[in-house]
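Asker: Supplied structure: target.pdb, PDB, C-alpha atoms.
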ATOM      1  CA  THR A 143     106.959 110.911 127.415  1.00  0.00           C
ATOM      2  CA  GLN A 144     105.210 109.569 130.502  1.00  0.00           C
ATOM      3  CA  LYS A 145     103.298 112.837 130.964  1.00  0.00           C
ATOM      4  CA  VAL A 146     101.952 112.611 127.451  1.00  0.00           C
ATOM      5  CA  PHE A 147     101.027 109.006 127.349  1.00  0.00           C
ATOM      6  CA  GLY A 148     100.005 108.424 130.946  1.00  0.00           C
ATOM      7  CA  GLU A 149     101.292 105.360 132.691  1.00  0.00           C
ATOM      8  CA  GLU A 150     101.641 103.344 129.494  1.00  0.00           C
ATOM      9  CA  LYS A 151     105.169 101.965 129.448  1.00  0.00           C
ATOM     10  CA  ASP A 152     105.457 101.573 125.673  1.00  0.00           C
ATOM     11  CA  PRO A 153     103.287 104.162 123.892  1.00  0.00           C
ATOM     12  CA  GLU A 154     102.053 103.330 120.427  1.00  0.00           C
ATOM     13  CA  LEU A 155     103.555 105.210 117.520  1.00  0.00           C
ATOM     14  CA  PHE A 156     102.159 104.802 114.027  1.00  0.00           C
ATOM     15  CA  MET A 157     104.120 106.042 111.017  1.00  0.00           C
ATOM     16  CA  GLU A 158     103.300 105.793 107.348  1.00  0.00           C
ATOM     17  CA  GLY A 159     104.817 107.140 104.162  1.00  0.00           C
ATOM     18  CA  GLN A 160     108.476 107.461 105.097  1.00  0.00           C
ATOM     19  CA  VAL A 161     109.360 106.202 101.627  1.00  0.00           C
ATOM     20  CA  ASN A 162     107.864 109.397 100.174  1.00  0.00           C
ATOM     21  CA  LEU A 163     110.848 111.308 101.540  1.00  0.00           C
ATOM     22  CA  LEU A 164     112.976 109.509  98.930  1.00  0.00           C
ATOM     23  CA  GLU A 165     111.208 111.560  96.252  1.00  0.00           C
ATOM     24  CA  CYS A 166     112.438 114.845  97.763  1.00  0.00           C
ATOM     25  CA  PRO A 167     115.590 116.205  96.103  1.00  0.00           C
ATOM     26  CA  GLU A 168     116.804 117.408  99.527  1.00  0.00           C
ATOM     27  CA  PHE A 169     117.401 113.814 100.489  1.00  0.00           C
ATOM     28  CA  SER A 170     119.057 112.520  97.327  1.00  0.00           C
ATOM     29  CA  GLU A 171     122.393 112.184  99.133  1.00  0.00           C
ATOM     30  CA  VAL A 172     122.550 108.661 100.555  1.00  0.00           C
ATOM     31  CA  GLY A 173     124.317 109.626 103.792  1.00  0.00           C
ATOM     32  CA  ARG A 174     121.788 112.348 104.566  1.00  0.00           C
ATOM     33  CA  MET A 175     118.861 110.023 103.867  1.00  0.00           C
ATOM     34  CA  LYS A 176     120.384 107.271 105.985  1.00  0.00           C
ATOM     35  CA  SER A 177     120.763 109.518 109.030  1.00  0.00           C
ATOM     36  CA  LEU A 178     117.232 110.835 108.541  1.00  0.00           C
ATOM     37  CA  LEU A 179     115.727 107.338 108.352  1.00  0.00           C
ATOM     38  CA  GLN A 180     117.686 106.308 111.447  1.00  0.00           C
ATOM     39  CA  ALA A 181     116.244 109.308 113.304  1.00  0.00           C
ATOM     40  CA  LEU A 182     112.719 108.388 112.205  1.00  0.00           C
ATOM     41  CA  GLU A 183     113.233 104.818 113.400  1.00  0.00           C
ATOM     42  CA  GLU A 184     114.361 106.037 116.818  1.00  0.00           C
ATOM     43  CA  LYS A 185     111.046 105.970 118.640  1.00  0.00           C
ATOM     44  CA  LYS A 186     112.394 107.930 121.602  1.00  0.00           C
ATOM     45  CA  LEU A 187     113.234 110.925 119.382  1.00  0.00           C
ATOM     46  CA  LEU A 188     109.773 111.018 117.843  1.00  0.00           C
ATOM     47  CA  LEU A 189     108.115 110.706 121.242  1.00  0.00           C
ATOM     48  CA  HIS A 190     110.186 113.663 122.447  1.00  0.00           C
ATOM     49  CA  LEU A 191     108.878 115.671 119.506  1.00  0.00           C
ATOM     50  CA  LEU A 192     105.294 114.654 120.277  1.00  0.00           C
ATOM     51  CA  ASP A 193     105.794 115.697 123.912  1.00  0.00           C
ATOM     52  CA  LYS A 194     106.474 119.219 122.653  1.00  0.00           C
ATOM     53  CA  THR A 195     103.186 119.108 120.759  1.00  0.00           C
ATOM     54  CA  MET A 196     101.213 117.893 123.741  1.00  0.00           C
ATOM     55  CA  ASP A 197     102.532 120.679 125.969  1.00  0.00           C
ATOM     56  CA  ALA A 198     100.992 123.383 123.775  1.00  0.00           C
ATOM     57  CA  GLU A 199      97.477 124.139 122.615  1.00  0.00           C
ATOM     58  CA  GLY A 200      96.644 123.767 118.943  1.00  0.00           C
ATOM     59  CA  ILE A 201      98.825 123.226 115.954  1.00  0.00           C
ATOM     60  CA  GLN A 202     102.610 123.348 116.252  1.00  0.00           C
ATOM     61  CA  ILE A 203     104.876 124.063 113.299  1.00  0.00           C
ATOM     62  CA  PHE A 204     108.609 123.414 113.508  1.00  0.00           C
ATOM     63  CA  ILE A 205     110.728 124.397 110.503  1.00  0.00           C
ATOM     64  CA  GLY A 206     114.308 123.217 110.095  1.00  0.00           C
ATOM     65  CA  SER A 207     116.416 124.303 113.064  1.00  0.00           C
ATOM     66  CA  GLU A 208     113.223 124.884 115.113  1.00  0.00           C
ATOM     67  CA  VAL A 209     112.614 121.119 115.254  1.00  0.00           C
ATOM     68  CA  PRO A 210     113.414 120.148 118.866  1.00  0.00           C
ATOM     69  CA  VAL A 211     115.112 116.926 117.732  1.00  0.00           C
ATOM     70  CA  SER A 212     118.557 117.742 116.319  1.00  0.00           C
ATOM     71  CA  GLU A 213     118.620 114.664 114.071  1.00  0.00           C
ATOM     72  CA  MET A 214     115.504 115.950 112.280  1.00  0.00           C
ATOM     73  CA  GLN A 215     116.478 119.592 111.738  1.00  0.00           C
ATOM     74  CA  THR A 216     116.620 119.175 107.954  1.00  0.00           C
ATOM     75  CA  LEU A 217     112.838 118.699 108.022  1.00  0.00           C
ATOM     76  CA  SER A 218     109.670 120.504 108.955  1.00  0.00           C
ATOM     77  CA  VAL A 219     107.058 119.077 111.281  1.00  0.00           C
ATOM     78  CA  ILE A 220     103.395 120.029 111.610  1.00  0.00           C
ATOM     79  CA  THR A 221     101.665 118.464 114.628  1.00  0.00           C
ATOM     80  CA  THR A 222      98.581 118.876 116.755  1.00  0.00           C
ATOM     81  CA  PRO A 223      97.066 116.975 119.679  1.00  0.00           C
ATOM     82  CA  TYR A 224      93.768 115.121 119.623  1.00  0.00           C
ATOM     83  CA  ARG A 225      91.417 114.593 122.548  1.00  0.00           C
ATOM     84  CA  HIS A 226      89.029 112.213 124.223  1.00  0.00           C
ATOM     85  CA  SER A 227      86.595 113.842 126.643  1.00  0.00           C
ATOM     86  CA  GLU A 228      88.579 117.103 126.553  1.00  0.00           C
ATOM     87  CA  LYS A 229      91.751 115.261 127.631  1.00  0.00           C
ATOM     88  CA  VAL A 230      94.728 115.203 125.263  1.00  0.00           C
ATOM     89  CA  VAL A 231      95.361 111.542 124.475  1.00  0.00           C
ATOM     90  CA  GLY A 232      97.652 111.698 121.472  1.00  0.00           C
ATOM     91  CA  ALA A 233      99.123 113.735 118.659  1.00  0.00           C
ATOM     92  CA  LEU A 234      99.290 113.440 114.910  1.00  0.00           C
ATOM     93  CA  GLY A 235     101.367 115.214 112.366  1.00  0.00           C
ATOM     94  CA  ILE A 236     103.218 115.422 109.104  1.00  0.00           C
ATOM     95  CA  ILE A 237     106.982 115.324 108.634  1.00  0.00           C
ATOM     96  CA  GLY A 238     108.406 116.605 105.363  1.00  0.00           C
ATOM     97  CA  PRO A 239     110.928 118.849 103.661  1.00  0.00           C
ATOM     98  CA  THR A 240     111.114 122.491 104.724  1.00  0.00           C
ATOM     99  CA  ARG A 241     109.653 123.516 101.351  1.00  0.00           C
ATOM    100  CA  MET A 242     106.377 121.619 101.855  1.00  0.00           C
ATOM    101  CA  ASP A 243     103.027 123.292 101.110  1.00  0.00           C
ATOM    102  CA  TYR A 244     102.137 124.623 104.577  1.00  0.00           C
ATOM    103  CA  MET A 245      98.943 126.366 103.417  1.00  0.00           C
ATOM    104  CA  LYS A 246      97.605 123.014 102.232  1.00  0.00           C
ATOM    105  CA  LEU A 247      98.942 120.740 104.970  1.00  0.00           C
ATOM    106  CA  ILE A 248      98.153 122.760 108.112  1.00  0.00           C
ATOM    107  CA  PRO A 249      94.364 122.539 107.563  1.00  0.00           C
ATOM    108  CA  ILE A 250      94.685 118.814 106.781  1.00  0.00           C
ATOM    109  CA  VAL A 251      96.474 118.157 110.078  1.00  0.00           C
ATOM    110  CA  GLU A 252      93.973 120.276 112.038  1.00  0.00           C
ATOM    111  CA  TYR A 253      90.973 118.652 110.382  1.00  0.00           C
ATOM    112  CA  SER A 254      92.344 115.137 110.853  1.00  0.00           C
ATOM    113  CA  ALA A 255      92.852 115.750 114.581  1.00  0.00           C
ATOM    114  CA  GLN A 256      89.348 117.199 114.835  1.00  0.00           C
ATOM    115  CA  LEU A 257      87.838 114.145 113.119  1.00  0.00           C
ATOM    116  CA  LEU A 258      89.828 111.766 115.305  1.00  0.00           C
ATOM    117  CA  SER A 259      88.717 113.611 118.452  1.00  0.00           C
ATOM    118  CA  GLU A 260      85.087 113.522 117.321  1.00  0.00           C
ATOM    119  CA  PHE A 261      85.343 109.810 116.536  1.00  0.00           C
ATOM    120  CA  LEU A 262      86.820 109.040 119.945  1.00  0.00           C
ATOM    121  CA  ASN A 263      84.126 111.050 121.702  1.00  0.00           C
ATOM    122  CA  VAL A 264      81.188 109.632 119.698  1.00  0.00           C
ATOM    123  CA  LYS A 265      82.340 106.040 120.078  1.00  0.00           C
ATOM    124  CA  GLY A 266      83.004 106.505 123.774  1.00  0.00           C
ATOM    125  CA  SER A 267      86.275 104.639 123.353  1.00  0.00           C
ATOM    126  CA  GLN A 268      88.289 103.895 126.441  1.00  0.00           C
ATOM    127  CA  ILE A 269      91.743 105.344 126.104  1.00  0.00           C
TER     128      ILE A 269
END
Let me see the structure of the file written as structure tokens.
Answerer:
Amino acid sequence: TQKVFGEEKDPELFMEGQVNLLECPEFSEVGRMKSLLQALEEKKLLLHLLDKTMDAEGIQIFIGSEVPVSEMQTLSVITTPYRHSEKVVGALGIIGPTRMDYMKLIPIVEYSAQLLSEFLNVKGSQI
């Protein structure tokens, strides 16, 4: 993760909406949901996943067994990097069930990263 997040020793990771996974029938089994939530809480695993996103250009889609984190292979992940002054400084994405609406969510992820990049560049924020 050092290559992705520079020299920062403890990169920031923001997550919201994990509770929404409880509404998915795929995760109605308590044991399965428990192991999934433990994987989501393991910051190192999520940072490894984001590293994969940062290595590639554009949007990345991982479905089920394609997810490079074995503890999360019951899910799908849509991620893309965002930039400040043409330099990749972070990634954002959506984690959900493999049956999620990709046609709807892919443009949302791409547009969100574009807006975040534009905001960072207009504000001249120091990253």
Asker: Within 6 Å of stretch 236-253 of chain A, counting only C-alpha atoms, which residues qualify if same-chain residues fewer than 4 places away don't, as a list in words?
Answerer: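 Those residues are Leu217, Ser218, Val219 and Ile220 of chain A.
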Asker: Using 9 Å as the limit and counting all atoms listed in the file, can you tabulate each residue of stretch 147-234 of chain A that touches stretch 257-263 of chain A, with its shortest atom-to-atom distance in Å and the two atoms involved, as JSON lines?
Answerer:
{"residue": "A:Tyr224", "atom": "CA", "partner": "A:Ser259", "partner_atom": "CA", "distance": 5.4}
{"residue": "A:Arg225", "atom": "CA", "partner": "A:Ser259", "partner_atom": "CA", "distance": 5.0}
{"residue": "A:His226", "atom": "CA", "partner": "A:Asn263", "partner_atom": "CA", "distance": 5.6}
{"residue": "A:Ser227", "atom": "CA", "partner": "A:Asn263", "partner_atom": "CA", "distance": 6.2}
{"residue": "A:Glu228", "atom": "CA", "partner": "A:Ser259", "partner_atom": "CA", "distance": 8.8}
Asker: I'd like the contact shell of stretch 177-187 of chain A - 8 Å cut-off, only C-alpha atoms, skipping same-chain residues fewer than 3 positions apart - returned as a list in words.
Answerer: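 Non-adjacent residues within range: Leu155, Gln160, Gly173, Arg174, His190, Leu191, Val211, Glu213 and Met214 of chain A.
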Asker: Of the residues A:Val264, A:Met157, A:Ala255, A:Met175, which is the one nearest to A:Leu189, using only C-alpha atoms?
Answerer: A:Met157
Asker: So how many Å separate atom CA of A:Lys194 and atom CA of A:Ser254, to one decimal?
Answerer: 18.9 Å
Asker: Using atom CA of A:Ala233 and atom CA of A:Thr216 as the two end points, give the distance in Å to one decimal.
Answerer: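 Computing it gives 21.2 Å between the two atoms.
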Asker: What's the separation between atom CA of A:Val172 and atom CA of A:Glu154, in Å to one decimal place?
Answerer: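 Atom CA of A:Glu154 lies at a distance of 29.0 Å from atom CA of A:Val172.
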Asker: Pick out the closest residue to A:Thr222 from this set: A:Val161, A:Cys166, A:Val209, A:Ala198. Count all atoms listed in the file.
Answerer: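 Of the candidates, the smallest distance to A:Thr222 is held by A:Ala198.
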